[in-house]
Structure formats: C-alpha cells, structure tokens
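Here's the structure, in structure tokens; my notes come after.
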Amino acid sequence: MDPAGLRVELKALIVSELNLKGRDPATIPDDSPLFGAGLGLDSLDALQLAMVIEERYGVRIPEGDEARTIFASVAAIADHIVRVRGG
C-alpha cells in the first residue's frame, strides 16, 4: 500500500465523511493535528472516523490513549493502517 496515496485518500475520506463543507482535502497538511487547533474535530468525529476506517481498511482502531496517537494526524492514521496491514 502506497503511504502517500493512502494519505491523499484519507484526507478525502475525512472531508466527505465528516461533512467538512468547503474544505479542500489537498489543503490538509499530512502532519497537522486533526483535533483542537488543527481541523477542530471532536470526539464524535473521532468515533465516526474510526468506524469508517475500520470498515474501509479492515484495521481495528483501539480506544483510549492509543487511539489519540493514531488520530494525531493524517500521517499517523496512514502509518497505523500500513503497519497493521503489513506494509
């Protein structure tokens, strides 16, 4: 799985699934925080995003502190997916 292509795909998924109207996926930096000062996502967004990622990519998103690390940025999500799927 191509990590760069996966990051592009994840950005589009975030914008479409979380209804970030008017947001161009290409403007989301790979390492920008998704929560707080970054995209401003909240815990409900995290739950929805986790469900979509688990369904689409077949990887489990754990709860708690481990999920916070995975959802730190688009790059962190992509790294998790690549690691779990074996490269």
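In the structure tokens, the first chain shown is A, the next is B, and so on; residue numbers restart at 1 for each chain, and ligands run from 1 in the order shown.
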Set the distance at 8 Å and use only C-alpha atoms: which residues neighbour region 27-41 of chain A once local chain neighbours fewer than 2 positions away are removed? I'd like the list as a PyMOL selection string. chain A and resi 7+11+23-25+43+45-46+71-76
Take the residues just selected and output them with N, CA, C and O atoms as a PDB file, in the first residue's frame.
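Below you can see result-v3.pdb, which holds the result:
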```
ATOM      1  N   ARG A   7      -2.523   8.648   2.237  1.00  0.00           N
ATOM      2  CA  ARG A   7      -2.757   9.942   2.914  1.00  0.00           C
ATOM      3  C   ARG A   7      -3.726  10.809   2.111  1.00  0.00           C
ATOM      4  O   ARG A   7      -4.632  11.427   2.677  1.00  0.00           O
ATOM      5  N   LYS A  11      -7.476  11.970   3.477  1.00  0.00           N
ATOM      6  CA  LYS A  11      -7.917  13.374   3.530  1.00  0.00           C
ATOM      7  C   LYS A  11      -9.282  13.532   2.868  1.00  0.00           C
ATOM      8  O   LYS A  11     -10.166  14.206   3.400  1.00  0.00           O
ATOM      9  N   ARG A  23     -14.063  22.534   2.549  1.00  0.00           N
ATOM     10  CA  ARG A  23     -12.656  22.215   2.841  1.00  0.00           C
ATOM     11  C   ARG A  23     -12.094  21.386   1.709  1.00  0.00           C
ATOM     12  O   ARG A  23     -12.646  20.358   1.333  1.00  0.00           O
ATOM     13  N   ASP A  24     -10.991  21.815   1.151  1.00  0.00           N
ATOM     14  CA  ASP A  24     -10.314  21.080   0.092  1.00  0.00           C
ATOM     15  C   ASP A  24      -9.359  20.089   0.746  1.00  0.00           C
ATOM     16  O   ASP A  24      -8.467  20.499   1.497  1.00  0.00           O
ATOM     17  N   PRO A  25      -9.540  18.783   0.495  1.00  0.00           N
ATOM     18  CA  PRO A  25      -8.651  17.794   1.110  1.00  0.00           C
ATOM     19  C   PRO A  25      -7.174  18.075   0.867  1.00  0.00           C
ATOM     20  O   PRO A  25      -6.336  17.804   1.718  1.00  0.00           O
ATOM     21  N   SER A  43     -14.752  14.483  19.641  1.00  0.00           N
ATOM     22  CA  SER A  43     -14.814  13.053  19.962  1.00  0.00           C
ATOM     23  C   SER A  43     -15.842  12.312  19.101  1.00  0.00           C
ATOM     24  O   SER A  43     -15.634  11.151  18.757  1.00  0.00           O
ATOM     25  N   ASP A  45     -16.551  13.078  16.009  1.00  0.00           N
ATOM     26  CA  ASP A  45     -15.865  12.929  14.727  1.00  0.00           C
ATOM     27  C   ASP A  45     -14.894  11.751  14.784  1.00  0.00           C
ATOM     28  O   ASP A  45     -14.782  10.983  13.832  1.00  0.00           O
ATOM     29  N   ALA A  46     -14.193  11.607  15.905  1.00  0.00           N
ATOM     30  CA  ALA A  46     -13.232  10.506  16.064  1.00  0.00           C
ATOM     31  C   ALA A  46     -13.940   9.162  15.976  1.00  0.00           C
ATOM     32  O   ALA A  46     -13.455   8.236  15.316  1.00  0.00           O
ATOM     33  N   PHE A  71      -4.849   9.018  15.835  1.00  0.00           N
ATOM     34  CA  PHE A  71      -5.590  10.137  15.262  1.00  0.00           C
ATOM     35  C   PHE A  71      -4.873  11.473  15.407  1.00  0.00           C
ATOM     36  O   PHE A  71      -5.477  12.531  15.219  1.00  0.00           O
ATOM     37  N   ALA A  72      -3.591  11.449  15.681  1.00  0.00           N
ATOM     38  CA  ALA A  72      -2.836  12.695  15.824  1.00  0.00           C
ATOM     39  C   ALA A  72      -2.811  13.488  14.526  1.00  0.00           C
ATOM     40  O   ALA A  72      -2.856  14.719  14.532  1.00  0.00           O
ATOM     41  N   SER A  73      -2.750  12.781  13.396  1.00  0.00           N
ATOM     42  CA  SER A  73      -2.668  13.437  12.087  1.00  0.00           C
ATOM     43  C   SER A  73      -3.033  12.434  11.000  1.00  0.00           C
ATOM     44  O   SER A  73      -3.149  11.232  11.264  1.00  0.00           O
ATOM     45  N   VAL A  74      -3.176  12.929   9.794  1.00  0.00           N
ATOM     46  CA  VAL A  74      -3.429  12.052   8.652  1.00  0.00           C
ATOM     47  C   VAL A  74      -2.258  11.079   8.485  1.00  0.00           C
ATOM     48  O   VAL A  74      -2.453   9.884   8.239  1.00  0.00           O
ATOM     49  N   ALA A  75      -1.037  11.583   8.635  1.00  0.00           N
ATOM     50  CA  ALA A  75       0.141  10.725   8.500  1.00  0.00           C
ATOM     51  C   ALA A  75       0.134   9.604   9.535  1.00  0.00           C
ATOM     52  O   ALA A  75       0.484   8.460   9.224  1.00  0.00           O
ATOM     53  N   ALA A  76      -0.280   9.908  10.769  1.00  0.00           N
ATOM     54  CA  ALA A  76      -0.316   8.893  11.825  1.00  0.00           C
ATOM     55  C   ALA A  76      -1.367   7.822  11.520  1.00  0.00           C
ATOM     56  O   ALA A  76      -1.135   6.632  11.755  1.00  0.00           O
TER      57      ALA A  76
END
```
*List every residue of region 17-70 of chain A that DSSP, applied to the backbone, labels as helix (DSSP H, G or I), and write the result as a PyMOL selection string.*
chain A and resi 17+25-27+43-57+65-70
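Relative to CA of Tyr57 (chain A), CA of Asp42 (chain A) is found at 21.8 Å.
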As a check of understanding: the span from CA of Val82 (chain A) to CA of Gly22 (chain A) is 28.9 Å
If we count only C-alpha atoms and set the cut-off at 9 Å, which residues sit around His80 (chain A), ignoring sequence neighbours fewer than 5 positions away in its own chain? Please answer as JSON, numbers by chain. {"A": [59, 61, 70, 75, 85]}
Got a sec: who's within 12 Å of Arg56 (chain A), counting only C-alpha atoms, leaving out chain neighbours fewer than 6 positions off, as an MDAnalysis selection string? chainID A and resid 6 9:10 13 17 49:50 81
